[in-house]
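S.K.: So here's input-v7.txt, just compact mmCIF, N, CA and C atoms:
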# COMPACT_ATOMS: atom_id res chain seq x y z
N MET Z 1 0.83 -1.20 0.00
CA MET Z 1 0.00 0.00 0.00
C MET Z 1 0.86 1.25 0.00
N SER Z 2 2.01 1.20 0.69
CA SER Z 2 2.86 2.38 0.75
C SER Z 2 3.42 2.75 -0.62
N GLU Z 3 3.65 1.75 -1.48
CA GLU Z 3 4.17 2.06 -2.82
C GLU Z 3 3.12 2.80 -3.65
N LEU Z 4 1.85 2.63 -3.30
CA LEU Z 4 0.78 3.34 -3.99
C LEU Z 4 0.85 4.85 -3.74
N PHE Z 5 1.22 5.23 -2.51
CA PHE Z 5 1.28 6.64 -2.14
C PHE Z 5 2.68 7.23 -2.21
N ALA Z 6 3.67 6.43 -2.53
CA ALA Z 6 5.06 6.92 -2.58
C ALA Z 6 5.24 8.12 -3.51
N PRO Z 7 4.63 8.14 -4.69
CA PRO Z 7 4.81 9.32 -5.55
C PRO Z 7 4.23 10.60 -4.97
N TYR Z 8 3.37 10.46 -3.98
CA TYR Z 8 2.70 11.63 -3.40
C TYR Z 8 3.22 11.97 -2.01
N ALA Z 9 4.35 11.39 -1.64
CA ALA Z 9 4.89 11.59 -0.30
C ALA Z 9 5.12 13.07 0.00
N HIS Z 10 5.62 13.81 -0.98
CA HIS Z 10 5.87 15.24 -0.74
C HIS Z 10 4.57 16.00 -0.53
N ALA Z 11 3.52 15.64 -1.26
CA ALA Z 11 2.22 16.32 -1.10
C ALA Z 11 1.59 15.97 0.24
N ILE Z 12 1.71 14.72 0.65
CA ILE Z 12 1.16 14.30 1.95
C ILE Z 12 1.93 14.97 3.07
N ALA Z 13 3.25 15.08 2.92
CA ALA Z 13 4.05 15.77 3.93
C ALA Z 13 3.68 17.25 4.00
N ALA Z 14 3.39 17.85 2.86
CA ALA Z 14 2.99 19.26 2.85
C ALA Z 14 1.65 19.45 3.55
N MET Z 15 0.71 18.49 3.37
CA MET Z 15 -0.57 18.58 4.07
C MET Z 15 -0.37 18.44 5.57
N ALA Z 16 0.51 17.55 5.98
CA ALA Z 16 0.81 17.40 7.41
C ALA Z 16 1.46 18.66 7.95
N GLY Z 17 2.34 19.26 7.17
CA GLY Z 17 2.97 20.52 7.59
C GLY Z 17 1.96 21.64 7.74
N MET Z 18 1.00 21.70 6.84
CA MET Z 18 -0.06 22.72 6.92
C MET Z 18 -0.89 22.51 8.18
N ALA Z 19 -1.21 21.26 8.48
CA ALA Z 19 -1.98 20.97 9.70
C ALA Z 19 -1.20 21.37 10.94
N LEU Z 20 0.09 21.08 10.96
CA LEU Z 20 0.92 21.47 12.10
C LEU Z 20 1.01 22.99 12.23
N LEU Z 21 1.09 23.67 11.09
CA LEU Z 21 1.14 25.13 11.12
C LEU Z 21 -0.12 25.71 11.77
N VAL Z 22 -1.28 25.20 11.39
CA VAL Z 22 -2.53 25.68 11.98
C VAL Z 22 -2.56 25.37 13.47
N LEU Z 23 -2.08 24.18 13.86
CA LEU Z 23 -2.07 23.81 15.27
C LEU Z 23 -1.12 24.67 16.09
N VAL Z 24 -0.03 25.11 15.51
CA VAL Z 24 0.91 25.98 16.22
C VAL Z 24 0.39 27.41 16.27
N LEU Z 25 -0.19 27.88 15.18
CA LEU Z 25 -0.69 29.25 15.14
C LEU Z 25 -1.84 29.49 16.12
N SER Z 26 -2.64 28.48 16.37
CA SER Z 26 -3.82 28.66 17.22
C SER Z 26 -3.46 29.11 18.64
N PRO Z 27 -2.62 28.39 19.39
CA PRO Z 27 -2.32 28.86 20.75
C PRO Z 27 -1.47 30.13 20.76
N VAL Z 28 -0.61 30.29 19.78
CA VAL Z 28 0.21 31.51 19.74
C VAL Z 28 -0.68 32.72 19.51
N THR Z 29 -1.67 32.58 18.63
CA THR Z 29 -2.60 33.67 18.38
C THR Z 29 -3.40 33.99 19.63
N GLY Z 30 -3.88 32.96 20.31
CA GLY Z 30 -4.62 33.17 21.56
C GLY Z 30 -3.77 33.86 22.61
N TRP Z 31 -2.52 33.46 22.71
CA TRP Z 31 -1.61 34.06 23.69
C TRP Z 31 -1.37 35.54 23.36
N MET Z 32 -1.17 35.83 22.08
CA MET Z 32 -0.93 37.23 21.68
C MET Z 32 -2.16 38.09 21.98
N LYS Z 33 -3.35 37.56 21.72
CA LYS Z 33 -4.57 38.32 21.98
C LYS Z 33 -4.82 38.47 23.47
N SER Z 34 -4.48 37.44 24.25
CA SER Z 34 -4.70 37.54 25.70
C SER Z 34 -3.78 38.58 26.33
N LYS Z 35 -2.60 38.79 25.73
CA LYS Z 35 -1.71 39.84 26.23
C LYS Z 35 -2.34 41.22 26.07
N LEU Z 36 -3.24 41.36 25.11
CA LEU Z 36 -3.94 42.63 24.89
C LEU Z 36 -5.22 42.72 25.72
N GLY Z 37 -5.54 41.65 26.45
CA GLY Z 37 -6.75 41.64 27.26
C GLY Z 37 -8.01 41.35 26.47
N LEU Z 38 -7.87 40.77 25.30
CA LEU Z 38 -9.04 40.46 24.47
C LEU Z 38 -9.67 39.14 24.92
N ALA Z 39 -10.98 39.07 24.79
CA ALA Z 39 -11.71 37.85 25.13
C ALA Z 39 -11.42 36.78 24.08
N PRO Z 40 -11.54 35.50 24.45
CA PRO Z 40 -11.35 34.44 23.46
C PRO Z 40 -12.29 34.61 22.28
N GLY Z 41 -11.76 34.50 21.09
CA GLY Z 41 -12.55 34.66 19.88
C GLY Z 41 -12.67 36.09 19.38
N ALA Z 42 -12.18 37.04 20.17
CA ALA Z 42 -12.26 38.45 19.76
C ALA Z 42 -11.24 38.73 18.66
N THR Z 43 -11.54 39.72 17.85
CA THR Z 43 -10.64 40.13 16.78
C THR Z 43 -9.91 41.40 17.21
N PRO Z 44 -8.59 41.40 17.13
CA PRO Z 44 -7.86 42.62 17.47
C PRO Z 44 -8.17 43.74 16.47
N GLU Z 45 -7.87 44.95 16.86
CA GLU Z 45 -8.07 46.10 15.98
C GLU Z 45 -7.29 45.88 14.69
N ALA Z 46 -7.93 46.18 13.56
CA ALA Z 46 -7.31 45.96 12.25
C ALA Z 46 -6.20 46.97 12.02
N ASP Z 47 -5.00 46.62 12.47
CA ASP Z 47 -3.83 47.48 12.34
C ASP Z 47 -2.64 46.56 12.06
N TYR Z 48 -2.06 46.70 10.88
CA TYR Z 48 -0.96 45.82 10.50
C TYR Z 48 0.31 46.08 11.29
N ASN Z 49 0.35 47.13 12.07
CA ASN Z 49 1.49 47.35 12.97
C ASN Z 49 1.30 46.61 14.28
N ASN Z 50 0.13 46.03 14.49
CA ASN Z 50 -0.19 45.28 15.70
C ASN Z 50 0.13 43.79 15.47
N PRO Z 51 1.13 43.25 16.16
CA PRO Z 51 1.50 41.84 15.95
C PRO Z 51 0.35 40.87 16.23
N ALA Z 52 -0.49 41.18 17.20
CA ALA Z 52 -1.61 40.29 17.52
C ALA Z 52 -2.57 40.20 16.33
N TYR Z 53 -2.80 41.31 15.66
CA TYR Z 53 -3.68 41.29 14.48
C TYR Z 53 -3.04 40.48 13.36
N ARG Z 54 -1.75 40.61 13.17
CA ARG Z 54 -1.06 39.87 12.11
C ARG Z 54 -1.09 38.37 12.40
N TRP Z 55 -0.88 37.97 13.66
CA TRP Z 55 -0.96 36.56 14.04
C TRP Z 55 -2.39 36.05 13.84
N HIS Z 56 -3.37 36.87 14.21
CA HIS Z 56 -4.78 36.51 14.05
C HIS Z 56 -5.09 36.26 12.57
N ARG Z 57 -4.64 37.13 11.70
CA ARG Z 57 -4.87 36.97 10.27
C ARG Z 57 -4.12 35.76 9.71
N ALA Z 58 -2.89 35.55 10.18
CA ALA Z 58 -2.12 34.39 9.71
C ALA Z 58 -2.83 33.09 10.06
N HIS Z 59 -3.34 33.01 11.29
CA HIS Z 59 -4.08 31.81 11.70
C HIS Z 59 -5.35 31.66 10.88
N GLY Z 60 -6.08 32.75 10.71
CA GLY Z 60 -7.32 32.69 9.92
C GLY Z 60 -7.07 32.27 8.49
N ASN Z 61 -6.05 32.83 7.87
CA ASN Z 61 -5.72 32.47 6.49
C ASN Z 61 -5.32 31.00 6.38
N ALA Z 62 -4.49 30.54 7.30
CA ALA Z 62 -4.05 29.14 7.27
C ALA Z 62 -5.24 28.20 7.47
N ALA Z 63 -6.09 28.50 8.44
CA ALA Z 63 -7.24 27.64 8.72
C ALA Z 63 -8.22 27.63 7.54
N GLU Z 64 -8.42 28.78 6.91
CA GLU Z 64 -9.35 28.87 5.79
C GLU Z 64 -8.83 28.12 4.56
N ASN Z 65 -7.53 28.10 4.37
CA ASN Z 65 -6.96 27.49 3.17
C ASN Z 65 -6.58 26.03 3.35
N ALA Z 66 -6.53 25.53 4.57
CA ALA Z 66 -6.11 24.15 4.80
C ALA Z 66 -7.06 23.16 4.14
N ALA Z 67 -8.36 23.38 4.26
CA ALA Z 67 -9.32 22.44 3.67
C ALA Z 67 -9.23 22.43 2.15
N SER Z 68 -9.12 23.59 1.54
CA SER Z 68 -8.99 23.66 0.08
C SER Z 68 -7.73 22.95 -0.39
N PHE Z 69 -6.64 23.18 0.32
CA PHE Z 69 -5.37 22.54 -0.02
C PHE Z 69 -5.50 21.02 0.08
N ALA Z 70 -6.13 20.54 1.14
CA ALA Z 70 -6.30 19.10 1.32
C ALA Z 70 -7.19 18.50 0.23
N LEU Z 71 -8.27 19.19 -0.11
CA LEU Z 71 -9.18 18.66 -1.14
C LEU Z 71 -8.52 18.62 -2.51
N VAL Z 72 -7.80 19.65 -2.87
CA VAL Z 72 -7.12 19.67 -4.17
C VAL Z 72 -6.04 18.59 -4.22
N THR Z 73 -5.31 18.42 -3.13
CA THR Z 73 -4.27 17.39 -3.08
C THR Z 73 -4.89 16.00 -3.17
N LEU Z 74 -5.97 15.78 -2.43
CA LEU Z 74 -6.65 14.48 -2.48
C LEU Z 74 -7.20 14.21 -3.88
N ALA Z 75 -7.77 15.21 -4.50
CA ALA Z 75 -8.29 15.04 -5.86
C ALA Z 75 -7.17 14.68 -6.83
N ALA Z 76 -6.02 15.31 -6.68
CA ALA Z 76 -4.88 15.00 -7.55
C ALA Z 76 -4.39 13.57 -7.33
N ILE Z 77 -4.37 13.13 -6.07
CA ILE Z 77 -3.95 11.76 -5.78
C ILE Z 77 -4.94 10.77 -6.39
N LEU Z 78 -6.23 11.02 -6.20
CA LEU Z 78 -7.25 10.11 -6.75
C LEU Z 78 -7.25 10.09 -8.28
N ALA Z 79 -6.91 11.22 -8.88
CA ALA Z 79 -6.86 11.30 -10.35
C ALA Z 79 -5.57 10.69 -10.90
N GLY Z 80 -4.62 10.41 -10.02
CA GLY Z 80 -3.36 9.84 -10.46
C GLY Z 80 -2.42 10.85 -11.07
N ALA Z 81 -2.61 12.10 -10.74
CA ALA Z 81 -1.77 13.16 -11.30
C ALA Z 81 -0.38 13.13 -10.73
When written as structure tokens, how does the structure in this file appear?

M.R.:
Amino acid sequence: MSELFAPYAHAIAAMAGMALLVLVLSPVTGWMKSKLGLAPGATPEADYNNPAYRWHRAHGNAAENAASFALVTLAAILAGA
């Protein structure tokens, strides 16, 4: 079975890396926002000079794109691309 997925090892590793990135960004983003006294789930003021806002956006972007990345990769694997 492993030889079936061997050509896609780099794509599967990239999906795992994306998942790890989202998992790392989540607590770091929460920690950055808690330093500002924001409630859980709150959005920092939209200011690109504010590191908490940039971390918040980075986490949001990664979380929003992870599913699309996984679906496109899975479709390519199933299509034999």

S.K.: Run DSSP on the backbone and tell me which residues of chain Z come out as helix (DSSP H, G or I); list them as a PDB file with N, CA and C atoms, keeping the file's coordinate frame.

M.R.:
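Saved to result-v1.pdb:
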ATOM      1  N   SER Z   2       2.010   1.200   0.690  1.00  0.00           N
ATOM      2  CA  SER Z   2       2.860   2.380   0.750  1.00  0.00           C
ATOM      3  C   SER Z   2       3.420   2.750  -0.620  1.00  0.00           C
ATOM      4  N   GLU Z   3       3.650   1.750  -1.480  1.00  0.00           N
ATOM      5  CA  GLU Z   3       4.170   2.060  -2.820  1.00  0.00           C
ATOM      6  C   GLU Z   3       3.120   2.800  -3.650  1.00  0.00           C
ATOM      7  N   LEU Z   4       1.850   2.630  -3.300  1.00  0.00           N
ATOM      8  CA  LEU Z   4       0.780   3.340  -3.990  1.00  0.00           C
ATOM      9  C   LEU Z   4       0.850   4.850  -3.740  1.00  0.00           C
ATOM     10  N   PHE Z   5       1.220   5.230  -2.510  1.00  0.00           N
ATOM     11  CA  PHE Z   5       1.280   6.640  -2.140  1.00  0.00           C
ATOM     12  C   PHE Z   5       2.680   7.230  -2.210  1.00  0.00           C
ATOM     13  N   ALA Z   6       3.670   6.430  -2.530  1.00  0.00           N
ATOM     14  CA  ALA Z   6       5.060   6.920  -2.580  1.00  0.00           C
ATOM     15  C   ALA Z   6       5.240   8.120  -3.510  1.00  0.00           C
ATOM     16  N   PRO Z   7       4.630   8.140  -4.690  1.00  0.00           N
ATOM     17  CA  PRO Z   7       4.810   9.320  -5.550  1.00  0.00           C
ATOM     18  C   PRO Z   7       4.230  10.600  -4.970  1.00  0.00           C
ATOM     19  N   TYR Z   8       3.370  10.460  -3.980  1.00  0.00           N
ATOM     20  CA  TYR Z   8       2.700  11.630  -3.400  1.00  0.00           C
ATOM     21  C   TYR Z   8       3.220  11.970  -2.010  1.00  0.00           C
ATOM     22  N   ALA Z   9       4.350  11.390  -1.640  1.00  0.00           N
ATOM     23  CA  ALA Z   9       4.890  11.590  -0.300  1.00  0.00           C
ATOM     24  C   ALA Z   9       5.120  13.070   0.000  1.00  0.00           C
ATOM     25  N   HIS Z  10       5.620  13.810  -0.980  1.00  0.00           N
ATOM     26  CA  HIS Z  10       5.870  15.240  -0.740  1.00  0.00           C
ATOM     27  C   HIS Z  10       4.570  16.000  -0.530  1.00  0.00           C
ATOM     28  N   ALA Z  11       3.520  15.640  -1.260  1.00  0.00           N
ATOM     29  CA  ALA Z  11       2.220  16.320  -1.100  1.00  0.00           C
ATOM     30  C   ALA Z  11       1.590  15.970   0.240  1.00  0.00           C
ATOM     31  N   ILE Z  12       1.710  14.720   0.650  1.00  0.00           N
ATOM     32  CA  ILE Z  12       1.160  14.300   1.950  1.00  0.00           C
ATOM     33  C   ILE Z  12       1.930  14.970   3.070  1.00  0.00           C
ATOM     34  N   ALA Z  13       3.250  15.080   2.920  1.00  0.00           N
ATOM     35  CA  ALA Z  13       4.050  15.770   3.930  1.00  0.00           C
ATOM     36  C   ALA Z  13       3.680  17.250   4.000  1.00  0.00           C
ATOM     37  N   ALA Z  14       3.390  17.850   2.860  1.00  0.00           N
ATOM     38  CA  ALA Z  14       2.990  19.260   2.850  1.00  0.00           C
ATOM     39  C   ALA Z  14       1.650  19.450   3.550  1.00  0.00           C
ATOM     40  N   MET Z  15       0.710  18.490   3.370  1.00  0.00           N
ATOM     41  CA  MET Z  15      -0.570  18.580   4.070  1.00  0.00           C
ATOM     42  C   MET Z  15      -0.370  18.440   5.570  1.00  0.00           C
ATOM     43  N   ALA Z  16       0.510  17.550   5.980  1.00  0.00           N
ATOM     44  CA  ALA Z  16       0.810  17.400   7.410  1.00  0.00           C
ATOM     45  C   ALA Z  16       1.460  18.660   7.950  1.00  0.00           C
ATOM     46  N   GLY Z  17       2.340  19.260   7.170  1.00  0.00           N
ATOM     47  CA  GLY Z  17       2.970  20.520   7.590  1.00  0.00           C
ATOM     48  C   GLY Z  17       1.960  21.640   7.740  1.00  0.00           C
ATOM     49  N   MET Z  18       1.000  21.700   6.840  1.00  0.00           N
ATOM     50  CA  MET Z  18      -0.060  22.720   6.920  1.00  0.00           C
ATOM     51  C   MET Z  18      -0.890  22.510   8.180  1.00  0.00           C
ATOM     52  N   ALA Z  19      -1.210  21.260   8.480  1.00  0.00           N
ATOM     53  CA  ALA Z  19      -1.980  20.970   9.700  1.00  0.00           C
ATOM     54  C   ALA Z  19      -1.200  21.370  10.940  1.00  0.00           C
ATOM     55  N   LEU Z  20       0.090  21.080  10.960  1.00  0.00           N
ATOM     56  CA  LEU Z  20       0.920  21.470  12.100  1.00  0.00           C
ATOM     57  C   LEU Z  20       1.010  22.990  12.230  1.00  0.00           C
ATOM     58  N   LEU Z  21       1.090  23.670  11.090  1.00  0.00           N
ATOM     59  CA  LEU Z  21       1.140  25.130  11.120  1.00  0.00           C
ATOM     60  C   LEU Z  21      -0.120  25.710  11.770  1.00  0.00           C
ATOM     61  N   VAL Z  22      -1.280  25.200  11.390  1.00  0.00           N
ATOM     62  CA  VAL Z  22      -2.530  25.680  11.980  1.00  0.00           C
ATOM     63  C   VAL Z  22      -2.560  25.370  13.470  1.00  0.00           C
ATOM     64  N   LEU Z  23      -2.080  24.180  13.860  1.00  0.00           N
ATOM     65  CA  LEU Z  23      -2.070  23.810  15.270  1.00  0.00           C
ATOM     66  C   LEU Z  23      -1.120  24.670  16.090  1.00  0.00           C
ATOM     67  N   VAL Z  24      -0.030  25.110  15.510  1.00  0.00           N
ATOM     68  CA  VAL Z  24       0.910  25.980  16.220  1.00  0.00           C
ATOM     69  C   VAL Z  24       0.390  27.410  16.270  1.00  0.00           C
ATOM     70  N   LEU Z  25      -0.190  27.880  15.180  1.00  0.00           N
ATOM     71  CA  LEU Z  25      -0.690  29.250  15.140  1.00  0.00           C
ATOM     72  C   LEU Z  25      -1.840  29.490  16.120  1.00  0.00           C
ATOM     73  N   SER Z  26      -2.640  28.480  16.370  1.00  0.00           N
ATOM     74  CA  SER Z  26      -3.820  28.660  17.220  1.00  0.00           C
ATOM     75  C   SER Z  26      -3.460  29.110  18.640  1.00  0.00           C
ATOM     76  N   PRO Z  27      -2.620  28.390  19.390  1.00  0.00           N
ATOM     77  CA  PRO Z  27      -2.320  28.860  20.750  1.00  0.00           C
ATOM     78  C   PRO Z  27      -1.470  30.130  20.760  1.00  0.00           C
ATOM     79  N   VAL Z  28      -0.610  30.290  19.780  1.00  0.00           N
ATOM     80  CA  VAL Z  28       0.210  31.510  19.740  1.00  0.00           C
ATOM     81  C   VAL Z  28      -0.680  32.720  19.510  1.00  0.00           C
ATOM     82  N   THR Z  29      -1.670  32.580  18.630  1.00  0.00           N
ATOM     83  CA  THR Z  29      -2.600  33.670  18.380  1.00  0.00           C
ATOM     84  C   THR Z  29      -3.400  33.990  19.630  1.00  0.00           C
ATOM     85  N   GLY Z  30      -3.880  32.960  20.310  1.00  0.00           N
ATOM     86  CA  GLY Z  30      -4.620  33.170  21.560  1.00  0.00           C
ATOM     87  C   GLY Z  30      -3.770  33.860  22.610  1.00  0.00           C
ATOM     88  N   TRP Z  31      -2.520  33.460  22.710  1.00  0.00           N
ATOM     89  CA  TRP Z  31      -1.610  34.060  23.690  1.00  0.00           C
ATOM     90  C   TRP Z  31      -1.370  35.540  23.360  1.00  0.00           C
ATOM     91  N   MET Z  32      -1.170  35.830  22.080  1.00  0.00           N
ATOM     92  CA  MET Z  32      -0.930  37.230  21.680  1.00  0.00           C
ATOM     93  C   MET Z  32      -2.160  38.090  21.980  1.00  0.00           C
ATOM     94  N   LYS Z  33      -3.350  37.560  21.720  1.00  0.00           N
ATOM     95  CA  LYS Z  33      -4.570  38.320  21.980  1.00  0.00           C
ATOM     96  C   LYS Z  33      -4.820  38.470  23.470  1.00  0.00           C
ATOM     97  N   SER Z  34      -4.480  37.440  24.250  1.00  0.00           N
ATOM     98  CA  SER Z  34      -4.700  37.540  25.700  1.00  0.00           C
ATOM     99  C   SER Z  34      -3.780  38.580  26.330  1.00  0.00           C
ATOM    100  N   LYS Z  35      -2.600  38.790  25.730  1.00  0.00           N
ATOM    101  CA  LYS Z  35      -1.710  39.840  26.230  1.00  0.00           C
ATOM    102  C   LYS Z  35      -2.340  41.220  26.070  1.00  0.00           C
ATOM    103  N   PRO Z  51       1.130  43.250  16.160  1.00  0.00           N
ATOM    104  CA  PRO Z  51       1.500  41.840  15.950  1.00  0.00           C
ATOM    105  C   PRO Z  51       0.350  40.870  16.230  1.00  0.00           C
ATOM    106  N   ALA Z  52      -0.490  41.180  17.200  1.00  0.00           N
ATOM    107  CA  ALA Z  52      -1.610  40.290  17.520  1.00  0.00           C
ATOM    108  C   ALA Z  52      -2.570  40.200  16.330  1.00  0.00           C
ATOM    109  N   TYR Z  53      -2.800  41.310  15.660  1.00  0.00           N
ATOM    110  CA  TYR Z  53      -3.680  41.290  14.480  1.00  0.00           C
ATOM    111  C   TYR Z  53      -3.040  40.480  13.360  1.00  0.00           C
ATOM    112  N   ARG Z  54      -1.750  40.610  13.170  1.00  0.00           N
ATOM    113  CA  ARG Z  54      -1.060  39.870  12.110  1.00  0.00           C
ATOM    114  C   ARG Z  54      -1.090  38.370  12.400  1.00  0.00           C
ATOM    115  N   TRP Z  55      -0.880  37.970  13.660  1.00  0.00           N
ATOM    116  CA  TRP Z  55      -0.960  36.560  14.040  1.00  0.00           C
ATOM    117  C   TRP Z  55      -2.390  36.050  13.840  1.00  0.00           C
ATOM    118  N   HIS Z  56      -3.370  36.870  14.210  1.00  0.00           N
ATOM    119  CA  HIS Z  56      -4.780  36.510  14.050  1.00  0.00           C
ATOM    120  C   HIS Z  56      -5.090  36.260  12.570  1.00  0.00           C
ATOM    121  N   ARG Z  57      -4.640  37.130  11.700  1.00  0.00           N
ATOM    122  CA  ARG Z  57      -4.870  36.970  10.270  1.00  0.00           C
ATOM    123  C   ARG Z  57      -4.120  35.760   9.710  1.00  0.00           C
ATOM    124  N   ALA Z  58      -2.890  35.550  10.180  1.00  0.00           N
ATOM    125  CA  ALA Z  58      -2.120  34.390   9.710  1.00  0.00           C
ATOM    126  C   ALA Z  58      -2.830  33.090  10.060  1.00  0.00           C
ATOM    127  N   HIS Z  59      -3.340  33.010  11.290  1.00  0.00           N
ATOM    128  CA  HIS Z  59      -4.080  31.810  11.700  1.00  0.00           C
ATOM    129  C   HIS Z  59      -5.350  31.660  10.880  1.00  0.00           C
ATOM    130  N   GLY Z  60      -6.080  32.750  10.710  1.00  0.00           N
ATOM    131  CA  GLY Z  60      -7.320  32.690   9.920  1.00  0.00           C
ATOM    132  C   GLY Z  60      -7.070  32.270   8.490  1.00  0.00           C
ATOM    133  N   ASN Z  61      -6.050  32.830   7.870  1.00  0.00           N
ATOM    134  CA  ASN Z  61      -5.720  32.470   6.490  1.00  0.00           C
ATOM    135  C   ASN Z  61      -5.320  31.000   6.380  1.00  0.00           C
ATOM    136  N   ALA Z  62      -4.490  30.540   7.300  1.00  0.00           N
ATOM    137  CA  ALA Z  62      -4.050  29.140   7.270  1.00  0.00           C
ATOM    138  C   ALA Z  62      -5.240  28.200   7.470  1.00  0.00           C
ATOM    139  N   ALA Z  63      -6.090  28.500   8.440  1.00  0.00           N
ATOM    140  CA  ALA Z  63      -7.240  27.640   8.720  1.00  0.00           C
ATOM    141  C   ALA Z  63      -8.220  27.630   7.540  1.00  0.00           C
ATOM    142  N   GLU Z  64      -8.420  28.780   6.910  1.00  0.00           N
ATOM    143  CA  GLU Z  64      -9.350  28.870   5.790  1.00  0.00           C
ATOM    144  C   GLU Z  64      -8.830  28.120   4.560  1.00  0.00           C
ATOM    145  N   ASN Z  65      -7.530  28.100   4.370  1.00  0.00           N
ATOM    146  CA  ASN Z  65      -6.960  27.490   3.170  1.00  0.00           C
ATOM    147  C   ASN Z  65      -6.580  26.030   3.350  1.00  0.00           C
ATOM    148  N   ALA Z  66      -6.530  25.530   4.570  1.00  0.00           N
ATOM    149  CA  ALA Z  66      -6.110  24.150   4.800  1.00  0.00           C
ATOM    150  C   ALA Z  66      -7.060  23.160   4.140  1.00  0.00           C
ATOM    151  N   ALA Z  67      -8.360  23.380   4.260  1.00  0.00           N
ATOM    152  CA  ALA Z  67      -9.320  22.440   3.670  1.00  0.00           C
ATOM    153  C   ALA Z  67      -9.230  22.430   2.150  1.00  0.00           C
ATOM    154  N   SER Z  68      -9.120  23.590   1.540  1.00  0.00           N
ATOM    155  CA  SER Z  68      -8.990  23.660   0.080  1.00  0.00           C
ATOM    156  C   SER Z  68      -7.730  22.950  -0.390  1.00  0.00           C
ATOM    157  N   PHE Z  69      -6.640  23.180   0.320  1.00  0.00           N
ATOM    158  CA  PHE Z  69      -5.370  22.540  -0.020  1.00  0.00           C
ATOM    159  C   PHE Z  69      -5.500  21.020   0.080  1.00  0.00           C
ATOM    160  N   ALA Z  70      -6.130  20.540   1.140  1.00  0.00           N
ATOM    161  CA  ALA Z  70      -6.300  19.100   1.320  1.00  0.00           C
ATOM    162  C   ALA Z  70      -7.190  18.500   0.230  1.00  0.00           C
ATOM    163  N   LEU Z  71      -8.270  19.190  -0.110  1.00  0.00           N
ATOM    164  CA  LEU Z  71      -9.180  18.660  -1.140  1.00  0.00           C
ATOM    165  C   LEU Z  71      -8.520  18.620  -2.510  1.00  0.00           C
ATOM    166  N   VAL Z  72      -7.800  19.650  -2.870  1.00  0.00           N
ATOM    167  CA  VAL Z  72      -7.120  19.670  -4.170  1.00  0.00           C
ATOM    168  C   VAL Z  72      -6.040  18.590  -4.220  1.00  0.00           C
ATOM    169  N   THR Z  73      -5.310  18.420  -3.130  1.00  0.00           N
ATOM    170  CA  THR Z  73      -4.270  17.390  -3.080  1.00  0.00           C
ATOM    171  C   THR Z  73      -4.890  16.000  -3.170  1.00  0.00           C
ATOM    172  N   LEU Z  74      -5.970  15.780  -2.430  1.00  0.00           N
ATOM    173  CA  LEU Z  74      -6.650  14.480  -2.480  1.00  0.00           C
ATOM    174  C   LEU Z  74      -7.200  14.210  -3.880  1.00  0.00           C
ATOM    175  N   ALA Z  75      -7.770  15.210  -4.500  1.00  0.00           N
ATOM    176  CA  ALA Z  75      -8.290  15.040  -5.860  1.00  0.00           C
ATOM    177  C   ALA Z  75      -7.170  14.680  -6.830  1.00  0.00           C
ATOM    178  N   ALA Z  76      -6.020  15.310  -6.680  1.00  0.00           N
ATOM    179  CA  ALA Z  76      -4.880  15.000  -7.550  1.00  0.00           C
ATOM    180  C   ALA Z  76      -4.390  13.570  -7.330  1.00  0.00           C
ATOM    181  N   ILE Z  77      -4.370  13.130  -6.070  1.00  0.00           N
ATOM    182  CA  ILE Z  77      -3.950  11.760  -5.780  1.00  0.00           C
ATOM    183  C   ILE Z  77      -4.940  10.770  -6.390  1.00  0.00           C
ATOM    184  N   LEU Z  78      -6.230  11.020  -6.200  1.00  0.00           N
ATOM    185  CA  LEU Z  78      -7.250  10.110  -6.750  1.00  0.00           C
ATOM    186  C   LEU Z  78      -7.250  10.090  -8.280  1.00  0.00           C
ATOM    187  N   ALA Z  79      -6.910  11.220  -8.880  1.00  0.00           N
ATOM    188  CA  ALA Z  79      -6.860  11.300 -10.350  1.00  0.00           C
ATOM    189  C   ALA Z  79      -5.570  10.690 -10.900  1.00  0.00           C
TER     190      ALA Z  79
END

S.K.: Work out how far apart atom CA of Z:Gly60 and atom CA of Z:Tyr8 are and give it in Å to one decimal.

M.R.: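 Going from atom CA of Z:Gly60 over to atom CA of Z:Tyr8 covers 26.9 Å.
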
S.K.: For the atom pair atom N of Z:Leu4 and atom C of Z:Ala70, what is the interatomic distance in Å to one decimal place?

M.R.: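 Distance reported for this atom pair: 18.6 Å.
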
S.K.: Considering only C-alpha atoms, can you say which of Z:Ser2, Z:Ile12, Z:Trp31, Z:Thr43 comes closest to Z:Arg57?

M.R.: Z:Thr43

S.K.: Suppose you want the space between atom N of Z:Glu45 and atom CA of Z:Leu21; what is it in Å?

M.R.: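 Separation of atom N of Z:Glu45 and atom CA of Z:Leu21: 22.5 Å.
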
S.K.: Near Z:Asp47, within 12 Å and counting only C-alpha atoms, which residues show up once chain neighbours fewer than 6 positions away are dropped, as an NGL selection string?

M.R.: :Z and (53-57)

S.K.: Quick one: of Z:Ala11, Z:Ala46, Z:Ala52, Z:Ala66, who's nearest to Z:Val28, counting only N, CA and C atoms?

M.R.: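 For Z:Val28, the nearest of the candidates is Z:Ala52.
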
S.K.: Go through Z:Met15, Z:Pro51, Z:Ala63, Z:Ser68 one by one, measure the shortest atom-to-atom distance of each to Z:Met32 using all atoms listed in the file, and give the residue with the smallest value.

M.R.: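 Smallest distance to Z:Met32 is found for Z:Pro51.
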
S.K.: Emit stretch 15-19 of chain Z of the structure in the block as a file comprising N, CA and C atoms, as an mmCIF file, in the first residue's frame.

M.R.:
data_model
loop_
_atom_site.group_PDB
_atom_site.id
_atom_site.type_symbol
_atom_site.label_atom_id
_atom_site.label_comp_id
_atom_site.auth_asym_id
_atom_site.auth_seq_id
_atom_site.Cartn_x
_atom_site.Cartn_y
_atom_site.Cartn_z
ATOM 1 N N MET Z 15 0.714 18.494 3.368
ATOM 2 C CA MET Z 15 -0.570 18.579 4.070
ATOM 3 C C MET Z 15 -0.366 18.445 5.572
ATOM 4 N N ALA Z 16 0.514 17.547 5.982
ATOM 5 C CA ALA Z 16 0.808 17.397 7.406
ATOM 6 C C ALA Z 16 1.456 18.663 7.950
ATOM 7 N N GLY Z 17 2.342 19.263 7.169
ATOM 8 C CA GLY Z 17 2.971 20.519 7.586
ATOM 9 C C GLY Z 17 1.962 21.638 7.737
ATOM 10 N N MET Z 18 0.996 21.695 6.836
ATOM 11 C CA MET Z 18 -0.056 22.715 6.925
ATOM 12 C C MET Z 18 -0.889 22.510 8.182
ATOM 13 N N ALA Z 19 -1.214 21.264 8.482
ATOM 14 C CA ALA Z 19 -1.981 20.968 9.695
ATOM 15 C C ALA Z 19 -1.198 21.374 10.940
#
